[in-house]
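Data from input_20.cif: mmCIF, C-alpha atoms
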```cif
data_run
#
loop_
_atom_site.label_atom_id
_atom_site.label_comp_id
_atom_site.auth_asym_id
_atom_site.auth_seq_id
_atom_site.Cartn_x
_atom_site.Cartn_y
_atom_site.Cartn_z
CA ASP A 242 -36.13 -11.77 131.07
CA ALA A 243 -36.35 -8.10 130.08
CA GLY A 244 -33.65 -8.54 127.48
CA VAL A 245 -30.52 -6.44 127.15
CA ILE A 246 -31.09 -3.06 128.76
CA GLN A 247 -29.20 0.03 127.69
CA SER A 248 -29.23 3.53 129.08
CA PRO A 249 -29.56 6.29 128.24
CA ARG A 250 -31.59 5.81 125.05
CA HIS A 251 -30.65 9.27 123.86
CA GLU A 252 -27.78 11.50 124.86
CA VAL A 253 -27.00 14.95 123.55
CA THR A 254 -23.81 16.51 124.79
CA GLU A 255 -21.26 19.10 123.84
CA MET A 256 -17.83 18.42 122.48
CA GLY A 257 -15.31 17.77 125.23
CA GLN A 258 -17.81 16.35 127.71
CA GLU A 259 -17.57 12.87 129.18
CA VAL A 260 -20.18 10.36 128.06
CA THR A 261 -21.01 7.11 129.84
CA LEU A 262 -23.23 4.50 128.25
CA ARG A 263 -24.55 1.60 130.31
CA CYS A 264 -25.58 -1.94 129.58
CA LYS A 265 -27.20 -4.75 131.53
CA PRO A 266 -26.87 -8.05 129.65
CA ILE A 267 -29.23 -10.98 129.83
CA SER A 268 -28.75 -12.92 133.04
CA GLY A 269 -26.60 -16.00 132.45
CA HIS A 270 -25.03 -14.77 129.23
CA ASP A 271 -21.24 -14.97 129.38
CA TYR A 272 -20.35 -12.75 126.41
CA LEU A 273 -20.98 -9.05 126.05
CA PHE A 274 -20.35 -6.97 122.93
CA TRP A 275 -20.30 -3.24 122.24
CA TYR A 276 -21.06 -2.19 118.64
CA ARG A 277 -21.27 1.24 117.05
CA GLN A 278 -23.58 1.96 114.09
CA THR A 279 -23.19 4.86 111.68
CA MET A 280 -24.43 5.45 108.16
CA MET A 281 -20.88 5.71 106.87
CA ARG A 282 -19.32 2.66 108.51
CA GLY A 283 -22.28 0.42 109.29
CA LEU A 284 -22.13 -1.75 112.40
CA GLU A 285 -18.64 -1.98 113.91
CA LEU A 286 -17.50 -4.11 116.82
CA LEU A 287 -15.75 -1.98 119.42
CA ILE A 288 -14.94 -4.49 122.16
CA TYR A 289 -16.19 -7.72 123.64
CA PHE A 290 -15.97 -9.41 127.02
CA ASN A 291 -16.05 -13.03 128.09
CA ASN A 292 -16.90 -13.68 131.74
CA ASN A 293 -16.33 -9.97 132.48
CA VAL A 294 -12.82 -10.01 130.97
CA PRO A 295 -12.08 -7.86 127.90
CA ILE A 296 -10.98 -10.16 125.11
CA ASP A 297 -10.56 -7.93 122.07
CA ASP A 298 -10.62 -4.14 122.12
CA SER A 299 -8.98 -3.66 118.73
CA GLY A 300 -12.13 -1.99 117.44
CA MET A 301 -11.99 0.82 119.99
CA PRO A 302 -11.27 3.85 117.83
CA GLU A 303 -8.82 5.59 120.15
CA ASP A 304 -7.77 6.14 123.73
CA ARG A 305 -10.73 8.40 124.35
CA PHE A 306 -12.86 5.26 124.44
CA SER A 307 -12.81 2.85 127.37
CA ALA A 308 -15.06 0.00 128.47
CA LYS A 309 -15.44 -1.89 131.70
CA MET A 310 -17.40 -4.82 132.98
CA PRO A 311 -17.11 -4.85 136.79
CA ASN A 312 -19.53 -7.75 137.15
CA ALA A 313 -21.65 -10.13 135.10
CA SER A 314 -24.66 -7.84 135.09
CA PHE A 315 -23.21 -4.47 134.16
CA SER A 316 -20.94 -2.86 131.59
CA THR A 317 -20.06 0.71 130.69
CA LEU A 318 -18.65 2.38 127.60
CA LYS A 319 -17.06 5.73 128.31
CA ILE A 320 -15.95 8.43 125.90
CA GLN A 321 -13.76 11.16 127.32
CA PRO A 322 -13.52 13.73 125.84
CA SER A 323 -16.31 13.34 123.31
CA GLU A 324 -16.06 14.69 119.75
CA PRO A 325 -18.73 15.31 117.08
CA ARG A 326 -17.46 12.34 115.06
CA ASP A 327 -18.43 10.06 117.95
CA SER A 328 -22.08 10.73 117.14
CA ALA A 329 -23.62 7.33 116.44
CA VAL A 330 -25.90 4.68 117.87
CA TYR A 331 -24.09 2.43 120.33
CA PHE A 332 -25.41 -1.07 120.82
CA CYS A 333 -24.73 -3.56 123.53
CA ALA A 334 -25.38 -7.25 122.83
CA SER A 335 -24.96 -10.40 124.86
CA SER A 336 -24.81 -14.09 124.05
CA LEU A 337 -24.40 -17.46 125.69
CA GLY A 338 -21.32 -19.27 124.50
CA GLY A 339 -19.85 -16.61 122.25
CA GLY A 340 -20.31 -14.95 118.91
CA ALA A 341 -20.86 -18.20 117.07
CA ASN A 342 -24.23 -18.24 118.75
CA VAL A 343 -27.13 -15.84 118.62
CA LEU A 344 -26.60 -12.29 119.84
CA THR A 345 -29.36 -10.46 121.69
CA PHE A 346 -29.15 -6.73 121.18
CA GLY A 347 -30.28 -3.87 123.34
CA ALA A 348 -32.32 -1.00 121.91
CA GLY A 349 -29.22 1.15 121.56
CA SER A 350 -28.04 4.51 122.86
CA ARG A 351 -28.19 7.32 120.32
CA LEU A 352 -25.35 9.77 121.01
CA THR A 353 -25.19 13.23 119.52
CA VAL A 354 -22.12 15.32 120.21
CA LEU A 355 -22.51 18.98 119.29
CA SER B 104 -14.17 -4.11 107.87
CA GLN B 105 -17.28 -5.81 106.52
CA GLN B 106 -17.02 -9.51 105.80
CA GLY B 107 -20.56 -9.92 104.50
CA GLU B 108 -22.05 -7.51 102.00
CA GLU B 109 -25.78 -7.39 101.35
CA ASP B 110 -27.38 -6.80 98.00
CA PRO B 111 -29.43 -4.86 97.08
CA GLN B 112 -28.87 -1.91 99.38
CA ALA B 113 -32.54 -1.02 99.11
CA LEU B 114 -35.64 -2.90 98.03
CA SER B 115 -39.18 -1.60 97.60
CA ILE B 116 -42.06 -4.00 97.00
CA GLN B 117 -45.82 -4.31 97.37
CA GLU B 118 -47.49 -6.24 100.14
CA GLY B 119 -47.93 -9.88 99.16
CA GLU B 120 -44.83 -10.00 96.98
CA ASN B 121 -41.73 -11.96 97.86
CA ALA B 122 -38.53 -10.20 98.91
CA THR B 123 -35.10 -11.66 98.29
CA MET B 124 -31.91 -10.30 99.81
CA ASN B 125 -28.43 -11.63 99.17
CA CYS B 126 -25.25 -11.70 101.20
CA SER B 127 -21.78 -12.38 99.83
CA TYR B 128 -18.68 -12.96 101.91
CA LYS B 129 -14.98 -13.54 101.35
CA THR B 130 -13.56 -16.10 103.78
CA SER B 131 -14.69 -19.47 105.09
CA ILE B 132 -17.39 -19.29 107.70
CA ASN B 133 -18.49 -21.27 110.72
CA ASN B 134 -22.03 -19.90 110.39
CA LEU B 135 -24.01 -17.04 108.92
CA GLN B 136 -26.76 -15.20 110.73
CA TRP B 137 -29.55 -12.92 109.55
CA TYR B 138 -30.89 -10.10 111.70
CA ARG B 139 -33.67 -7.55 111.29
CA GLN B 140 -33.60 -3.98 112.54
CA ASN B 141 -36.72 -1.87 112.72
CA SER B 142 -36.23 1.88 112.61
CA GLY B 143 -34.83 3.19 115.88
CA ARG B 144 -34.55 -0.25 117.43
CA GLY B 145 -31.90 -2.88 118.08
CA LEU B 146 -31.16 -5.85 115.86
CA VAL B 147 -33.27 -8.95 116.26
CA HIS B 148 -31.99 -12.39 115.32
CA LEU B 149 -33.91 -14.20 112.58
CA ILE B 150 -32.04 -17.32 111.47
CA LEU B 151 -28.62 -18.92 111.98
CA ILE B 152 -27.37 -21.28 109.29
CA ARG B 153 -24.24 -23.36 109.80
CA SER B 154 -21.61 -23.98 107.14
CA ASN B 155 -22.72 -27.58 106.68
CA GLU B 156 -26.35 -26.61 106.11
CA ARG B 157 -27.84 -25.55 102.79
CA GLU B 158 -31.30 -24.29 103.70
CA LYS B 159 -33.33 -23.33 106.75
CA HIS B 160 -36.88 -22.17 107.20
CA SER B 161 -38.65 -20.18 109.86
CA GLY B 162 -42.25 -19.24 109.17
CA ARG B 163 -42.26 -17.05 106.05
CA LEU B 164 -38.46 -16.85 106.04
CA ARG B 165 -36.20 -19.08 103.99
CA VAL B 166 -32.43 -18.85 104.11
CA THR B 167 -30.08 -20.62 101.74
CA LEU B 168 -26.33 -20.95 101.93
CA ASP B 169 -23.95 -21.77 99.08
CA THR B 170 -20.46 -22.10 100.50
CA SER B 171 -18.94 -22.75 97.06
CA LYS B 172 -20.12 -19.31 95.95
CA LYS B 173 -19.66 -17.79 99.39
CA SER B 174 -23.17 -16.42 99.36
CA SER B 175 -26.45 -16.62 101.22
CA SER B 176 -29.94 -15.41 100.48
CA LEU B 177 -32.89 -14.49 102.66
CA LEU B 178 -36.34 -14.90 101.13
CA ILE B 179 -39.40 -13.40 102.78
CA THR B 180 -42.55 -14.81 101.22
CA ALA B 181 -45.91 -13.03 101.08
CA SER B 182 -44.44 -9.87 102.54
CA ARG B 183 -46.37 -7.59 104.88
CA ALA B 184 -46.04 -3.91 105.68
CA ALA B 185 -44.72 -4.98 109.09
CA ASP B 186 -41.71 -6.57 107.35
CA THR B 187 -40.45 -3.06 106.54
CA ALA B 188 -37.02 -2.94 108.18
CA SER B 189 -33.30 -3.26 107.49
CA TYR B 190 -31.93 -6.77 107.17
CA PHE B 191 -28.34 -7.65 108.01
CA CYS B 192 -26.23 -10.71 107.47
CA ALA B 193 -23.49 -11.48 109.96
CA THR B 194 -20.70 -13.90 109.24
CA VAL B 195 -18.78 -15.88 111.83
CA THR B 196 -15.42 -16.79 110.36
CA SER B 197 -13.88 -20.23 110.78
CA GLY B 198 -10.70 -20.44 112.78
CA GLY B 199 -10.96 -16.91 114.04
CA SER B 200 -12.42 -15.30 117.10
CA TYR B 201 -15.93 -16.52 116.21
CA ILE B 202 -17.30 -13.01 116.49
CA PRO B 203 -20.02 -11.92 114.04
CA THR B 204 -19.07 -9.31 111.44
CA PHE B 205 -22.02 -7.44 110.03
CA GLY B 206 -22.69 -6.14 106.54
CA ARG B 207 -24.24 -2.76 105.80
CA GLY B 208 -27.71 -4.19 105.42
CA THR B 209 -30.60 -4.13 102.95
CA SER B 210 -33.34 -1.61 103.55
CA LEU B 211 -36.70 -3.21 102.73
CA ILE B 212 -39.87 -1.19 102.29
CA VAL B 213 -43.14 -3.05 101.87
CA HIS B 214 -45.97 -0.86 100.62
CA PRO B 215 -49.47 -1.72 101.85
#
```
For the structure just supplied, provide its representation as structure tokens.
Amino acid sequence: DAGVIQSPRHEVTEMGQEVTLRCKPISGHDYLFWYRQTMMRGLELLIYFNNNVPIDDSGMPEDRFSAKMPNASFSTLKIQPSEPRDSAVYFCASSLGGGANVLTFGAGSRLTVL
Amino acid sequence: SQQGEEDPQALSIQEGENATMNCSYKTSINNLQWYRQNSGRGLVHLILIRSNEREKHSGRLRVTLDTSKKSSSLLITASRAADTASYFCATVTSGGSYIPTFGRGTSLIVHP
């Protein structure tokens, strides 16, 4: 397996633009997590899915953020409109059987909003 | 909010020395996990230790867990320059959503 695949690896955009980050989890994993990493706040859980269904989105900072998982092999995290404070590295991770088990992380998407 | 907090925030040692990182947490856990993150990369799982376990080993890594003190430690023996990375503990709380909460990490630099 190629592991968790995220795209793009780097994104530079201007304030107000829409940003879409993509994730392909490991085949067979039934949980998918989106985390955000910044120097100030560390690694924060934004949302997680179980069997493609969003379970907890309480970590999503505001309505500008949305996430979908239309099928077991694909998820998106969208920011619209983007703001400079959204600049961070966004990680997708997947696991089999939930967070009590090992998470496999993607390489991350580094977002810079100018 | 962070459940686990690593200590120290940064550690600088010479190759061949041992490195010890600590993690403290506040509420009862189901398990505690340690991850490594190389610069510009994603986190990689190292060891998972369950609440009823006291010690686990994996190669040069040794993890201990003291639930009475709500703390864990990660020991890397005979460190190598390639061990340079950030190390994170993640706690999975008992009776909750069983989702890992990460600390801010310890930045380890191993000088050749």
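Taking all atoms listed in the file into account, chain B lies nearest to A:Glu285 out of the set A:Glu285, A:Glu259, A:Asp304, A:Asp327.
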Write out as a tab-separated table a residue-level contact list of chain B versus chain A with cut-off 6 Å: for each qualifying residue the closest pair of atoms and the distance in Å to one decimal, counting only C-alpha atoms, rows sorted by chain and residue number upward.
```
residue	atom	partner	partner_atom	distance
B:Arg144	CA	A:Ala348	CA	5.1
B:Gly145	CA	A:Ala348	CA	4.3
B:Leu146	CA	A:Phe346	CA	5.8
B:Tyr201	CA	A:Ala341	CA	5.3
B:Ile202	CA	A:Gly340	CA	4.3
B:Pro203	CA	A:Gly340	CA	5.7
B:Arg207	CA	A:Gly283	CA	5.1
```
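Using the PyMOL selection byres ((chain B and resi 214) around 10) on this structure selects B:Ser115, B:Ile116, B:Gln117, B:Glu118, B:Gly119, B:Glu120, B:Ser182, B:Arg183, B:Ala184, B:Ala185, B:Asp186, B:Thr187, B:Leu211, B:Ile212, B:Val213, B:Pro215.
As for CA of Leu135 (chain B) and CA of Gln247 (chain A), they are spaced 25.9 Å apart.
Here the PyMOL selection byres ((chain B and resi 109) around 7) matches the residues Gly107, Glu108, Asp110, Pro111, Gln112, Met124, Asn125, Cys126, Ser127, Cys192, Gly206, Arg207, Gly208 and Thr209 of chain B.
Residues of protein, DNA and RNA with at least one atom no farther than 6 Å from (-34.2, -2.5, 104.5) are, using all atoms listed in the file, Ala113, Ala188, Ser189, Tyr190, Thr209, Ser210 and Leu211 of chain B.
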Practice prompt. For CA of Leu337 (chain A) and CA of Arg139 (chain B), determine how far apart the two atoms are, in Å to one decimal place.
Written response: 19.8 Å
Worksheet entry | Selection result of the PyMOL selection byres ((chain B and resi 172-180) around 6) on this file, as a ChimeraX atom specification | /B:121-128,163-171,181-182
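CA of Ser314 (chain A) is positioned 18.3 Å from CA of Arg250 (chain A).
Among the candidates A:Ser336, A:Ser299, A:Thr317, A:Ser248, the one nearest to Asp271 (chain A) when counting all atoms listed in the file is A:Ser336.
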Item to complete: Write out as a count of residues only each polymer residue whose atoms come within 7 Å of Ile320 (chain A), counting all atoms listed in the file; drop sequence neighbours fewer than 4 positions from it.
Response: 6
Polymer residues at most 10 Å from Gly257 (chain A), only C-alpha atoms, same-chain spacing of 2 or more positions, as a PDB file with C-alpha atoms, in the frame of the given file:
```
ATOM      1  CA  THR A 254     -23.810  16.510 124.790  1.00  0.00           C
ATOM      2  CA  GLU A 255     -21.260  19.100 123.840  1.00  0.00           C
ATOM      3  CA  GLU A 259     -17.570  12.870 129.180  1.00  0.00           C
ATOM      4  CA  VAL A 260     -20.180  10.360 128.060  1.00  0.00           C
ATOM      5  CA  ILE A 320     -15.950   8.430 125.900  1.00  0.00           C
ATOM      6  CA  GLN A 321     -13.760  11.160 127.320  1.00  0.00           C
ATOM      7  CA  PRO A 322     -13.520  13.730 125.840  1.00  0.00           C
ATOM      8  CA  SER A 323     -16.310  13.340 123.310  1.00  0.00           C
ATOM      9  CA  GLU A 324     -16.060  14.690 119.750  1.00  0.00           C
ATOM     10  CA  PRO A 325     -18.730  15.310 117.080  1.00  0.00           C
ATOM     11  CA  VAL A 354     -22.120  15.320 120.210  1.00  0.00           C
ATOM     12  CA  LEU A 355     -22.510  18.980 119.290  1.00  0.00           C
TER      13      LEU A 355
END
```
Item to complete: Pick out the residues sitting within 8 Å of Pro249 (chain A), and hand them over as a PyMOL selection string; count all atoms listed in the file, and ignore anything fewer than 3 positions along from it in its own chain.
Response: chain A and resi 252+262-263+350
